[in-house]
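Data block for my_file.cif (mmCIF, N, CA and C atoms):
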```cif
data_target
#
loop_
_atom_site.label_atom_id
_atom_site.label_comp_id
_atom_site.auth_asym_id
_atom_site.auth_seq_id
_atom_site.Cartn_x
_atom_site.Cartn_y
_atom_site.Cartn_z
N MET A 1 -17.20 -6.92 14.87
CA MET A 1 -17.40 -7.65 13.63
C MET A 1 -16.14 -7.53 12.78
N SER A 2 -15.65 -8.64 12.28
CA SER A 2 -14.44 -8.66 11.47
C SER A 2 -14.75 -8.36 10.01
N ASP A 3 -13.76 -7.82 9.33
CA ASP A 3 -13.87 -7.59 7.89
C ASP A 3 -13.46 -8.83 7.13
N THR A 4 -13.71 -8.81 5.85
CA THR A 4 -13.27 -9.88 4.97
C THR A 4 -11.75 -9.84 4.85
N THR A 5 -11.12 -10.99 4.92
CA THR A 5 -9.66 -11.07 4.81
C THR A 5 -9.22 -10.87 3.37
N THR A 6 -8.31 -9.95 3.17
CA THR A 6 -7.70 -9.73 1.86
C THR A 6 -6.26 -10.22 1.94
N VAL A 7 -5.85 -10.99 0.95
CA VAL A 7 -4.47 -11.48 0.88
C VAL A 7 -3.87 -11.07 -0.46
N TRP A 8 -2.55 -10.98 -0.50
CA TRP A 8 -1.86 -10.65 -1.74
C TRP A 8 -1.50 -11.94 -2.47
N VAL A 9 -1.77 -11.99 -3.78
CA VAL A 9 -1.45 -13.15 -4.61
C VAL A 9 -0.34 -12.72 -5.57
N PRO A 10 0.94 -13.01 -5.22
CA PRO A 10 2.07 -12.53 -6.02
C PRO A 10 2.02 -12.97 -7.48
N GLU A 11 1.56 -14.19 -7.73
CA GLU A 11 1.53 -14.69 -9.11
C GLU A 11 0.59 -13.87 -10.00
N LEU A 12 -0.45 -13.31 -9.40
CA LEU A 12 -1.42 -12.53 -10.15
C LEU A 12 -1.17 -11.02 -10.05
N GLY A 13 -0.33 -10.63 -9.08
CA GLY A 13 -0.04 -9.21 -8.90
C GLY A 13 -1.23 -8.42 -8.38
N ARG A 14 -2.05 -9.06 -7.54
CA ARG A 14 -3.23 -8.37 -7.01
C ARG A 14 -3.70 -9.03 -5.73
N GLY A 15 -4.56 -8.33 -5.03
CA GLY A 15 -5.17 -8.87 -3.83
C GLY A 15 -6.38 -9.71 -4.18
N ASP A 16 -6.77 -10.57 -3.24
CA ASP A 16 -7.95 -11.40 -3.44
C ASP A 16 -8.52 -11.74 -2.07
N TRP A 17 -9.73 -12.25 -2.07
CA TRP A 17 -10.37 -12.70 -0.85
C TRP A 17 -10.17 -14.19 -0.70
N VAL A 18 -10.27 -14.67 0.53
CA VAL A 18 -10.04 -16.07 0.85
C VAL A 18 -11.37 -16.69 1.29
N MET A 19 -11.62 -17.89 0.80
CA MET A 19 -12.83 -18.61 1.19
C MET A 19 -12.58 -19.42 2.46
N ASP A 20 -13.59 -19.52 3.28
CA ASP A 20 -13.60 -20.36 4.47
C ASP A 20 -14.84 -21.23 4.35
N GLY A 21 -14.70 -22.36 3.66
CA GLY A 21 -15.87 -23.16 3.32
C GLY A 21 -16.68 -22.41 2.27
N ALA A 22 -17.96 -22.21 2.54
CA ALA A 22 -18.83 -21.50 1.60
C ALA A 22 -18.85 -19.99 1.85
N ASP A 23 -18.17 -19.54 2.90
CA ASP A 23 -18.17 -18.12 3.26
C ASP A 23 -16.81 -17.49 2.98
N LEU A 24 -16.81 -16.17 2.94
CA LEU A 24 -15.54 -15.45 2.87
C LEU A 24 -14.90 -15.48 4.25
N LYS A 25 -13.58 -15.70 4.29
CA LYS A 25 -12.86 -15.74 5.55
C LYS A 25 -12.88 -14.35 6.19
N LYS A 26 -13.04 -14.32 7.50
CA LYS A 26 -13.07 -13.07 8.26
C LYS A 26 -11.78 -12.92 9.05
N GLY A 27 -11.44 -11.70 9.45
CA GLY A 27 -10.28 -11.45 10.28
C GLY A 27 -9.19 -10.71 9.53
N ASP A 28 -8.03 -10.58 10.17
CA ASP A 28 -6.88 -9.87 9.59
C ASP A 28 -7.26 -8.48 9.09
N ASP A 29 -8.09 -7.79 9.88
CA ASP A 29 -8.59 -6.47 9.46
C ASP A 29 -7.47 -5.48 9.18
N LEU A 30 -6.46 -5.45 10.03
CA LEU A 30 -5.37 -4.49 9.86
C LEU A 30 -4.57 -4.80 8.60
N VAL A 31 -4.25 -6.06 8.38
CA VAL A 31 -3.50 -6.44 7.18
C VAL A 31 -4.31 -6.10 5.93
N SER A 32 -5.60 -6.38 5.95
CA SER A 32 -6.45 -6.03 4.80
C SER A 32 -6.46 -4.53 4.55
N ALA A 33 -6.56 -3.74 5.62
CA ALA A 33 -6.57 -2.28 5.47
C ALA A 33 -5.25 -1.79 4.89
N VAL A 34 -4.14 -2.37 5.32
CA VAL A 34 -2.83 -1.97 4.80
C VAL A 34 -2.71 -2.36 3.32
N LEU A 35 -3.11 -3.57 2.96
CA LEU A 35 -3.04 -4.00 1.56
C LEU A 35 -3.84 -3.08 0.66
N ILE A 36 -5.06 -2.78 1.06
CA ILE A 36 -5.91 -1.89 0.25
C ILE A 36 -5.30 -0.49 0.19
N SER A 37 -4.79 -0.02 1.30
CA SER A 37 -4.19 1.32 1.34
C SER A 37 -2.96 1.42 0.45
N LEU A 38 -2.15 0.38 0.39
CA LEU A 38 -0.91 0.45 -0.39
C LEU A 38 -1.09 0.12 -1.86
N PHE A 39 -1.98 -0.81 -2.17
CA PHE A 39 -2.00 -1.33 -3.54
C PHE A 39 -3.25 -1.01 -4.33
N THR A 40 -3.97 0.00 -3.87
CA THR A 40 -5.02 0.62 -4.66
C THR A 40 -4.43 1.93 -5.16
N ASP A 41 -4.66 2.25 -6.42
CA ASP A 41 -4.08 3.47 -6.99
C ASP A 41 -4.79 4.72 -6.47
N ARG A 42 -4.06 5.51 -5.72
CA ARG A 42 -4.56 6.80 -5.22
C ARG A 42 -4.43 7.82 -6.35
N VAL A 43 -5.27 8.82 -6.35
CA VAL A 43 -5.20 9.88 -7.34
C VAL A 43 -3.86 10.61 -7.21
N ALA A 44 -3.27 10.92 -8.35
CA ALA A 44 -2.00 11.65 -8.37
C ALA A 44 -2.22 13.09 -7.92
N ASN A 45 -1.20 13.66 -7.30
CA ASN A 45 -1.23 15.08 -6.97
C ASN A 45 -1.06 15.88 -8.26
N ALA A 46 -1.46 17.13 -8.23
CA ALA A 46 -1.39 17.98 -9.41
C ALA A 46 0.03 18.11 -9.95
N ASP A 47 1.04 18.03 -9.08
CA ASP A 47 2.42 18.21 -9.51
C ASP A 47 3.15 16.89 -9.78
N ASP A 48 2.45 15.74 -9.72
CA ASP A 48 3.08 14.45 -10.01
C ASP A 48 3.24 14.25 -11.51
N ASP A 49 4.36 13.65 -11.90
CA ASP A 49 4.56 13.26 -13.30
C ASP A 49 3.93 11.88 -13.49
N ILE A 50 2.99 11.79 -14.44
CA ILE A 50 2.31 10.52 -14.72
C ILE A 50 3.27 9.66 -15.54
N PRO A 51 3.57 8.42 -15.08
CA PRO A 51 4.62 7.62 -15.72
C PRO A 51 4.35 7.21 -17.16
N ASP A 52 3.09 7.07 -17.57
CA ASP A 52 2.83 6.64 -18.95
C ASP A 52 2.70 7.81 -19.92
N GLY A 53 2.93 9.02 -19.42
CA GLY A 53 2.92 10.20 -20.28
C GLY A 53 1.53 10.76 -20.57
N THR A 54 0.50 10.15 -20.02
CA THR A 54 -0.86 10.65 -20.22
C THR A 54 -1.17 11.67 -19.13
N SER A 55 -2.39 12.13 -19.13
CA SER A 55 -2.82 13.03 -18.06
C SER A 55 -3.78 12.31 -17.10
N ASP A 56 -3.81 10.98 -17.14
CA ASP A 56 -4.71 10.20 -16.29
C ASP A 56 -4.15 10.10 -14.87
N PRO A 57 -4.79 10.77 -13.90
CA PRO A 57 -4.28 10.76 -12.53
C PRO A 57 -4.71 9.54 -11.72
N ARG A 58 -5.44 8.61 -12.36
CA ARG A 58 -5.98 7.41 -11.71
C ARG A 58 -6.84 7.79 -10.52
N GLY A 59 -6.84 6.96 -9.48
CA GLY A 59 -7.67 7.25 -8.32
C GLY A 59 -9.10 6.77 -8.51
N TRP A 60 -9.96 7.16 -7.57
CA TRP A 60 -11.35 6.75 -7.55
C TRP A 60 -12.23 7.97 -7.41
N TRP A 61 -13.29 8.04 -8.20
CA TRP A 61 -14.16 9.21 -8.19
C TRP A 61 -14.78 9.43 -6.81
N GLY A 62 -14.97 8.38 -6.04
CA GLY A 62 -15.57 8.49 -4.71
C GLY A 62 -14.70 9.24 -3.72
N ASP A 63 -13.44 9.49 -4.08
CA ASP A 63 -12.54 10.22 -3.20
C ASP A 63 -12.73 11.73 -3.27
N ALA A 64 -13.50 12.20 -4.23
CA ALA A 64 -13.67 13.65 -4.39
C ALA A 64 -14.16 14.28 -3.09
N GLY A 65 -13.41 15.24 -2.60
CA GLY A 65 -13.77 15.96 -1.39
C GLY A 65 -13.42 15.26 -0.09
N GLU A 66 -12.85 14.07 -0.16
CA GLU A 66 -12.48 13.33 1.05
C GLU A 66 -11.13 13.81 1.58
N ARG A 67 -10.94 13.69 2.89
CA ARG A 67 -9.67 14.11 3.51
C ARG A 67 -8.52 13.24 3.03
N TYR A 68 -8.73 11.93 2.99
CA TYR A 68 -7.70 10.99 2.55
C TYR A 68 -8.23 10.16 1.39
N PRO A 69 -7.67 10.33 0.23
CA PRO A 69 -8.05 9.45 -0.87
C PRO A 69 -7.62 8.01 -0.56
N ILE A 70 -8.37 7.05 -1.08
CA ILE A 70 -8.03 5.64 -0.89
C ILE A 70 -6.81 5.31 -1.73
N GLY A 71 -5.91 4.49 -1.17
CA GLY A 71 -4.78 3.97 -1.92
C GLY A 71 -3.50 4.77 -1.74
N SER A 72 -2.55 4.44 -2.61
CA SER A 72 -1.25 5.09 -2.55
C SER A 72 -0.82 5.55 -3.93
N ARG A 73 0.21 6.38 -3.91
CA ARG A 73 0.77 6.87 -5.17
C ARG A 73 1.98 6.03 -5.60
N LEU A 74 2.12 4.81 -5.08
CA LEU A 74 3.23 3.94 -5.48
C LEU A 74 3.24 3.66 -6.98
N TRP A 75 2.09 3.65 -7.60
CA TRP A 75 2.00 3.39 -9.04
C TRP A 75 2.80 4.41 -9.85
N ILE A 76 3.00 5.59 -9.30
CA ILE A 76 3.75 6.64 -10.00
C ILE A 76 5.21 6.23 -10.19
N LEU A 77 5.70 5.31 -9.37
CA LEU A 77 7.10 4.88 -9.44
C LEU A 77 7.34 3.78 -10.47
N SER A 78 6.33 3.37 -11.21
CA SER A 78 6.43 2.20 -12.07
C SER A 78 7.52 2.28 -13.14
N ARG A 79 7.94 3.45 -13.53
CA ARG A 79 8.96 3.57 -14.57
C ARG A 79 10.23 4.27 -14.07
N GLU A 80 10.38 4.33 -12.77
CA GLU A 80 11.53 5.00 -12.18
C GLU A 80 12.76 4.09 -12.16
N LYS A 81 13.92 4.71 -12.07
CA LYS A 81 15.16 3.97 -11.95
C LYS A 81 15.34 3.46 -10.52
N GLN A 82 16.20 2.48 -10.39
CA GLN A 82 16.44 1.84 -9.09
C GLN A 82 17.48 2.64 -8.32
N THR A 83 17.02 3.68 -7.63
CA THR A 83 17.92 4.55 -6.87
C THR A 83 17.47 4.64 -5.41
N SER A 84 18.33 5.14 -4.58
CA SER A 84 17.97 5.32 -3.18
C SER A 84 16.89 6.40 -3.04
N GLU A 85 16.88 7.38 -3.95
CA GLU A 85 15.86 8.42 -3.91
C GLU A 85 14.47 7.84 -4.19
N VAL A 86 14.40 6.90 -5.11
CA VAL A 86 13.11 6.27 -5.43
C VAL A 86 12.64 5.42 -4.25
N ALA A 87 13.56 4.70 -3.62
CA ALA A 87 13.20 3.92 -2.42
C ALA A 87 12.68 4.85 -1.32
N ALA A 88 13.29 6.01 -1.18
CA ALA A 88 12.84 6.99 -0.18
C ALA A 88 11.45 7.53 -0.53
N ARG A 89 11.21 7.78 -1.81
CA ARG A 89 9.88 8.24 -2.24
C ARG A 89 8.84 7.16 -1.97
N ALA A 90 9.19 5.90 -2.22
CA ALA A 90 8.27 4.80 -1.93
C ALA A 90 7.91 4.79 -0.45
N LYS A 91 8.91 4.98 0.39
CA LYS A 91 8.67 5.03 1.85
C LYS A 91 7.71 6.18 2.19
N ASP A 92 7.91 7.33 1.58
CA ASP A 92 7.03 8.48 1.80
C ASP A 92 5.61 8.18 1.33
N TYR A 93 5.48 7.54 0.16
CA TYR A 93 4.15 7.21 -0.38
C TYR A 93 3.44 6.20 0.52
N ILE A 94 4.21 5.26 1.09
CA ILE A 94 3.63 4.28 2.02
C ILE A 94 3.12 4.99 3.27
N ALA A 95 3.94 5.86 3.82
CA ALA A 95 3.53 6.60 5.02
C ALA A 95 2.28 7.44 4.74
N GLU A 96 2.24 8.08 3.60
CA GLU A 96 1.09 8.89 3.21
C GLU A 96 -0.18 8.03 3.13
N ALA A 97 -0.05 6.85 2.53
CA ALA A 97 -1.21 5.98 2.34
C ALA A 97 -1.73 5.40 3.65
N LEU A 98 -0.85 5.25 4.63
CA LEU A 98 -1.24 4.63 5.90
C LEU A 98 -1.60 5.65 6.99
N GLN A 99 -1.42 6.92 6.71
CA GLN A 99 -1.66 7.96 7.72
C GLN A 99 -3.07 7.91 8.31
N TRP A 100 -4.04 7.54 7.50
CA TRP A 100 -5.42 7.51 7.99
C TRP A 100 -5.59 6.52 9.15
N LEU A 101 -4.79 5.45 9.15
CA LEU A 101 -4.90 4.46 10.22
C LEU A 101 -4.39 5.02 11.56
N ILE A 102 -3.46 5.95 11.48
CA ILE A 102 -2.98 6.64 12.69
C ILE A 102 -4.01 7.68 13.12
N ASP A 103 -4.48 8.47 12.16
CA ASP A 103 -5.44 9.53 12.48
C ASP A 103 -6.76 8.99 13.03
N ASP A 104 -7.16 7.80 12.60
CA ASP A 104 -8.39 7.18 13.08
C ASP A 104 -8.17 6.31 14.32
N ASP A 105 -6.98 6.40 14.91
CA ASP A 105 -6.64 5.67 16.14
C ASP A 105 -6.71 4.15 15.99
N VAL A 106 -6.49 3.66 14.79
CA VAL A 106 -6.43 2.22 14.57
C VAL A 106 -5.09 1.69 15.08
N VAL A 107 -4.02 2.45 14.83
CA VAL A 107 -2.68 2.11 15.30
C VAL A 107 -2.03 3.35 15.88
N ALA A 108 -0.97 3.13 16.67
CA ALA A 108 -0.22 4.26 17.22
C ALA A 108 0.75 4.82 16.20
N GLY A 109 1.24 3.98 15.30
CA GLY A 109 2.18 4.43 14.29
C GLY A 109 2.70 3.26 13.48
N PHE A 110 3.57 3.58 12.54
CA PHE A 110 4.18 2.58 11.66
C PHE A 110 5.68 2.79 11.61
N ASP A 111 6.42 1.69 11.53
CA ASP A 111 7.83 1.71 11.18
C ASP A 111 7.90 1.16 9.76
N ILE A 112 8.50 1.92 8.87
CA ILE A 112 8.51 1.55 7.45
C ILE A 112 9.95 1.53 6.97
N ASP A 113 10.30 0.48 6.25
CA ASP A 113 11.62 0.36 5.65
C ASP A 113 11.46 -0.11 4.22
N THR A 114 12.14 0.55 3.30
CA THR A 114 12.14 0.13 1.90
C THR A 114 13.58 -0.10 1.46
N THR A 115 13.78 -1.13 0.65
CA THR A 115 15.12 -1.44 0.15
C THR A 115 15.00 -2.21 -1.15
N TRP A 116 15.97 -2.01 -2.03
CA TRP A 116 16.01 -2.77 -3.27
C TRP A 116 16.52 -4.17 -2.95
N ILE A 117 15.73 -5.20 -3.26
CA ILE A 117 16.11 -6.56 -2.92
C ILE A 117 16.57 -7.36 -4.14
N ALA A 118 16.29 -6.87 -5.33
CA ALA A 118 16.74 -7.49 -6.58
C ALA A 118 16.54 -6.47 -7.68
N ARG A 119 17.05 -6.77 -8.83
CA ARG A 119 16.87 -5.85 -9.97
C ARG A 119 15.38 -5.68 -10.26
N GLY A 120 14.94 -4.44 -10.21
CA GLY A 120 13.54 -4.15 -10.49
C GLY A 120 12.57 -4.59 -9.41
N GLN A 121 13.06 -4.88 -8.22
CA GLN A 121 12.19 -5.36 -7.16
C GLN A 121 12.50 -4.61 -5.86
N LEU A 122 11.53 -3.81 -5.44
CA LEU A 122 11.66 -3.04 -4.21
C LEU A 122 10.93 -3.78 -3.10
N GLY A 123 11.61 -4.00 -2.01
CA GLY A 123 11.00 -4.65 -0.85
C GLY A 123 10.61 -3.61 0.17
N ALA A 124 9.56 -3.90 0.90
CA ALA A 124 9.12 -3.00 1.96
C ALA A 124 8.69 -3.81 3.17
N GLN A 125 9.10 -3.34 4.32
CA GLN A 125 8.62 -3.92 5.57
C GLN A 125 7.84 -2.83 6.28
N VAL A 126 6.63 -3.18 6.68
CA VAL A 126 5.76 -2.26 7.39
C VAL A 126 5.43 -2.91 8.73
N ILE A 127 5.78 -2.23 9.80
CA ILE A 127 5.46 -2.72 11.13
C ILE A 127 4.43 -1.77 11.73
N ALA A 128 3.26 -2.33 12.01
CA ALA A 128 2.19 -1.55 12.64
C ALA A 128 2.34 -1.67 14.15
N ASN A 129 2.43 -0.56 14.81
CA ASN A 129 2.53 -0.51 16.26
C ASN A 129 1.13 -0.22 16.81
N ARG A 130 0.52 -1.26 17.37
CA ARG A 130 -0.83 -1.10 17.92
C ARG A 130 -0.80 -0.28 19.21
N ARG A 131 -1.91 0.26 19.56
CA ARG A 131 -2.02 1.10 20.77
C ARG A 131 -1.80 0.30 22.05
N ASP A 132 -2.02 -1.01 22.00
CA ASP A 132 -1.81 -1.84 23.19
C ASP A 132 -0.36 -2.29 23.35
N GLY A 133 0.51 -1.83 22.45
CA GLY A 133 1.92 -2.18 22.52
C GLY A 133 2.32 -3.36 21.64
N SER A 134 1.36 -4.09 21.12
CA SER A 134 1.69 -5.21 20.23
C SER A 134 2.04 -4.67 18.84
N VAL A 135 2.68 -5.50 18.06
CA VAL A 135 3.09 -5.11 16.71
C VAL A 135 2.61 -6.15 15.71
N VAL A 136 2.39 -5.69 14.49
CA VAL A 136 2.04 -6.56 13.38
C VAL A 136 3.04 -6.24 12.27
N ALA A 137 3.91 -7.21 11.96
CA ALA A 137 4.93 -7.02 10.92
C ALA A 137 4.41 -7.56 9.60
N MET A 138 4.56 -6.76 8.56
CA MET A 138 4.13 -7.15 7.22
C MET A 138 5.30 -6.93 6.26
N ASN A 139 5.63 -7.95 5.50
CA ASN A 139 6.73 -7.87 4.56
C ASN A 139 6.16 -8.01 3.15
N PHE A 140 6.44 -7.03 2.31
CA PHE A 140 5.92 -7.04 0.95
C PHE A 140 7.07 -7.14 -0.04
N ALA A 141 7.71 -8.30 -0.08
CA ALA A 141 8.85 -8.48 -0.98
C ALA A 141 8.41 -8.78 -2.41
N SER A 142 7.44 -9.63 -2.58
CA SER A 142 7.07 -10.06 -3.92
C SER A 142 6.06 -9.14 -4.60
N VAL A 143 5.62 -8.12 -3.92
CA VAL A 143 4.60 -7.22 -4.44
C VAL A 143 5.20 -6.14 -5.33
N TRP A 144 6.45 -5.80 -5.13
CA TRP A 144 7.03 -4.61 -5.72
C TRP A 144 7.74 -4.84 -7.04
N GLN A 145 7.50 -5.93 -7.71
CA GLN A 145 8.16 -6.19 -8.98
C GLN A 145 7.63 -5.22 -10.03
N GLY A 146 8.48 -4.84 -10.93
CA GLY A 146 8.07 -3.97 -12.01
C GLY A 146 8.47 -2.53 -11.82
N ILE A 147 8.96 -2.16 -10.66
CA ILE A 147 9.51 -0.81 -10.49
C ILE A 147 10.91 -0.86 -11.08
N ASN A 148 11.13 -0.12 -12.12
CA ASN A 148 12.39 -0.21 -12.89
C ASN A 148 13.56 0.33 -12.13
#
```
Turn this file's structure into structure tokens for me.
Amino acid sequence: MSDTTTVWVPELGRGDWVMDGADLKKGDDLVSAVLISLFTDRVANADDDIPDGTSDPRGWWGDAGERYPIGSRLWILSREKQTSEVAARAKDYIAEALQWLIDDDVVAGFDIDTTWIARGQLGAQVIANRRDGSVVAMNFASVWQGIN
């Protein structure tokens, strides 16, 4: 059984579902899982600096006691400078957010590349290496606007 397809809508800065006639479109399970994993705010670690200066670690209450919280900590980079260190942290946060897909045997692994593609815009390419040897390449260029 396929999951509901989630797509990224750059103009709105969020994911959305796609209609297929009167029903929600099915399929693209891996892409949907990656989108949710990367662009849902994961709870901050105790030693993370919260970018807005509050003590709000974000995240979802349903993650309490779970091995892998849903989402990523990419939101923590929202006020960072455009440096190679920040791009490297983004790559680490992406790998952290996608680790569950490896641990659950959904994929064999990921190849992740992050690079600054414009002022305030970090690009990321995520290549999912399936267990059957096929690959699914995902490019998230327009998603990363707003990282300073």
Where is the centre and how long are the edges: axis-aligned box on range 101-119 of chain A, 5 Å on each side, Å to one decimal, as JSON:
```
{"center_x": 4.3, "center_y": 1.0, "center_z": 3.5, "size_x": 35.4, "size_y": 27.0, "size_z": 37.5}
```
On this structure, which residues satisfy the PyMOL selection byres ((chain A and resi 108) around 6), written as a PDB file with N, CA and C atoms, in the frame of the given file?
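Heads up, here's the output in out18.pdb:
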```
ATOM      1  N   ILE A 102      -3.460   5.950  11.480  1.00  0.00           N
ATOM      2  CA  ILE A 102      -2.980   6.640  12.690  1.00  0.00           C
ATOM      3  C   ILE A 102      -4.010   7.680  13.120  1.00  0.00           C
ATOM      4  N   ASP A 105      -6.980   6.400  14.910  1.00  0.00           N
ATOM      5  CA  ASP A 105      -6.640   5.670  16.140  1.00  0.00           C
ATOM      6  C   ASP A 105      -6.710   4.150  15.990  1.00  0.00           C
ATOM      7  N   VAL A 106      -6.490   3.660  14.790  1.00  0.00           N
ATOM      8  CA  VAL A 106      -6.430   2.220  14.570  1.00  0.00           C
ATOM      9  C   VAL A 106      -5.090   1.690  15.080  1.00  0.00           C
ATOM     10  N   VAL A 107      -4.020   2.450  14.830  1.00  0.00           N
ATOM     11  CA  VAL A 107      -2.680   2.110  15.300  1.00  0.00           C
ATOM     12  C   VAL A 107      -2.030   3.350  15.880  1.00  0.00           C
ATOM     13  N   GLY A 109       1.240   3.980  15.300  1.00  0.00           N
ATOM     14  CA  GLY A 109       2.180   4.430  14.290  1.00  0.00           C
ATOM     15  C   GLY A 109       2.700   3.260  13.480  1.00  0.00           C
ATOM     16  N   PHE A 110       3.570   3.580  12.540  1.00  0.00           N
ATOM     17  CA  PHE A 110       4.180   2.580  11.660  1.00  0.00           C
ATOM     18  C   PHE A 110       5.680   2.790  11.610  1.00  0.00           C
ATOM     19  N   ASN A 129       2.430  -0.560  14.810  1.00  0.00           N
ATOM     20  CA  ASN A 129       2.530  -0.510  16.260  1.00  0.00           C
ATOM     21  C   ASN A 129       1.130  -0.220  16.810  1.00  0.00           C
ATOM     22  N   ARG A 130       0.520  -1.260  17.370  1.00  0.00           N
ATOM     23  CA  ARG A 130      -0.830  -1.100  17.920  1.00  0.00           C
ATOM     24  C   ARG A 130      -0.800  -0.280  19.210  1.00  0.00           C
ATOM     25  N   ARG A 131      -1.910   0.260  19.560  1.00  0.00           N
ATOM     26  CA  ARG A 131      -2.020   1.100  20.770  1.00  0.00           C
ATOM     27  C   ARG A 131      -1.800   0.300  22.050  1.00  0.00           C
TER      28      ARG A 131
END
```
From A:Asp49, A:Val7, A:Ala124, A:Asp63, residue lying nearest Asp29 in chain A [only C-alpha atoms] =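 That would be A:Val7, the residue with the smallest distance to Asp29 in chain A.
Put simply, the PyMOL selection byres ((chain A and resi 31-36) around 6.5) on this file hits Thr5, Thr6, Val7, Asp28, Asp29, Leu30, Ser37, Leu38, Phe39, Thr40, Ile70, Gly71 and Ser72 of chain A.
A straight line drawn from atom C of Trp75 in chain A to atom C of Pro57 in chain A is 9.3 Å long.
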Once the PyMOL selection byres (((chain A and resi 58 and name CA) around 10) and name CA) has been applied to the shown file, what residues remain in the selection, as a PDB file with N, CA and C atoms, in the frame of the given file?
```pdb
ATOM      1  N   THR A  40      -3.970   0.000  -3.870  1.00  0.00           N
ATOM      2  CA  THR A  40      -5.020   0.620  -4.660  1.00  0.00           C
ATOM      3  C   THR A  40      -4.430   1.930  -5.160  1.00  0.00           C
ATOM      4  N   ASP A  41      -4.660   2.250  -6.420  1.00  0.00           N
ATOM      5  CA  ASP A  41      -4.080   3.470  -6.990  1.00  0.00           C
ATOM      6  C   ASP A  41      -4.790   4.720  -6.470  1.00  0.00           C
ATOM      7  N   ARG A  42      -4.060   5.510  -5.720  1.00  0.00           N
ATOM      8  CA  ARG A  42      -4.560   6.800  -5.220  1.00  0.00           C
ATOM      9  C   ARG A  42      -4.430   7.820  -6.350  1.00  0.00           C
ATOM     10  N   VAL A  43      -5.270   8.820  -6.350  1.00  0.00           N
ATOM     11  CA  VAL A  43      -5.200   9.880  -7.340  1.00  0.00           C
ATOM     12  C   VAL A  43      -3.860  10.610  -7.210  1.00  0.00           C
ATOM     13  N   ALA A  44      -3.270  10.920  -8.350  1.00  0.00           N
ATOM     14  CA  ALA A  44      -2.000  11.650  -8.370  1.00  0.00           C
ATOM     15  C   ALA A  44      -2.220  13.090  -7.920  1.00  0.00           C
ATOM     16  N   ILE A  50       2.990  11.790 -14.440  1.00  0.00           N
ATOM     17  CA  ILE A  50       2.310  10.520 -14.720  1.00  0.00           C
ATOM     18  C   ILE A  50       3.270   9.660 -15.540  1.00  0.00           C
ATOM     19  N   SER A  55      -2.390  12.130 -19.130  1.00  0.00           N
ATOM     20  CA  SER A  55      -2.820  13.030 -18.060  1.00  0.00           C
ATOM     21  C   SER A  55      -3.780  12.310 -17.100  1.00  0.00           C
ATOM     22  N   ASP A  56      -3.810  10.980 -17.140  1.00  0.00           N
ATOM     23  CA  ASP A  56      -4.710  10.200 -16.290  1.00  0.00           C
ATOM     24  C   ASP A  56      -4.150  10.100 -14.870  1.00  0.00           C
ATOM     25  N   PRO A  57      -4.790  10.770 -13.900  1.00  0.00           N
ATOM     26  CA  PRO A  57      -4.280  10.760 -12.530  1.00  0.00           C
ATOM     27  C   PRO A  57      -4.710   9.540 -11.720  1.00  0.00           C
ATOM     28  N   GLY A  59      -6.840   6.960  -9.480  1.00  0.00           N
ATOM     29  CA  GLY A  59      -7.670   7.250  -8.320  1.00  0.00           C
ATOM     30  C   GLY A  59      -9.100   6.770  -8.510  1.00  0.00           C
ATOM     31  N   TRP A  60      -9.960   7.160  -7.570  1.00  0.00           N
ATOM     32  CA  TRP A  60     -11.350   6.750  -7.550  1.00  0.00           C
ATOM     33  C   TRP A  60     -12.230   7.970  -7.410  1.00  0.00           C
ATOM     34  N   TRP A  61     -13.290   8.040  -8.200  1.00  0.00           N
ATOM     35  CA  TRP A  61     -14.160   9.210  -8.190  1.00  0.00           C
ATOM     36  C   TRP A  61     -14.780   9.430  -6.810  1.00  0.00           C
ATOM     37  N   ARG A  73       0.210   6.380  -3.910  1.00  0.00           N
ATOM     38  CA  ARG A  73       0.770   6.870  -5.170  1.00  0.00           C
ATOM     39  C   ARG A  73       1.980   6.030  -5.600  1.00  0.00           C
ATOM     40  N   TRP A  75       2.090   3.650  -7.600  1.00  0.00           N
ATOM     41  CA  TRP A  75       2.000   3.390  -9.040  1.00  0.00           C
ATOM     42  C   TRP A  75       2.800   4.410  -9.850  1.00  0.00           C
ATOM     43  N   ILE A  76       3.000   5.590  -9.300  1.00  0.00           N
ATOM     44  CA  ILE A  76       3.750   6.640 -10.000  1.00  0.00           C
ATOM     45  C   ILE A  76       5.210   6.230 -10.190  1.00  0.00           C
TER      46      ILE A  76
END
```
message = Calculated over all atoms listed in the file, which of the candidates A:Gln99, A:Arg119, A:Arg67, A:Asp113 has the smallest distance to Gln82 in chain A?
response =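 Between A:Gln99, A:Arg119, A:Arg67, A:Asp113, the residue approaching Gln82 in chain A most closely is A:Arg119.
Rounded to one decimal, CA of Glu85 in chain A and atom C of Asp111 in chain A lie 17.4 Å from each other.
Of the residues listed (A:Asp47, A:Tyr68, A:Gly62, A:Lys81), A:Tyr68 shows the shortest atom-to-atom separation from Asp104 in chain A; distances use only C-alpha atoms.
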Between atom C of Trp17 in chain A and atom C of Val136 in chain A - distance in Å to one decimal =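 Between atom C of Val136 in chain A and atom C of Trp17 in chain A the gap works out to 20.1 Å.
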task = Would you list, as a ChimeraX atom specification, the residues of chain A that end up in helix (DSSP H, G or I) under DSSP run on this structure's backbone?
result = /A:29-39,61-63,74-77,84-103
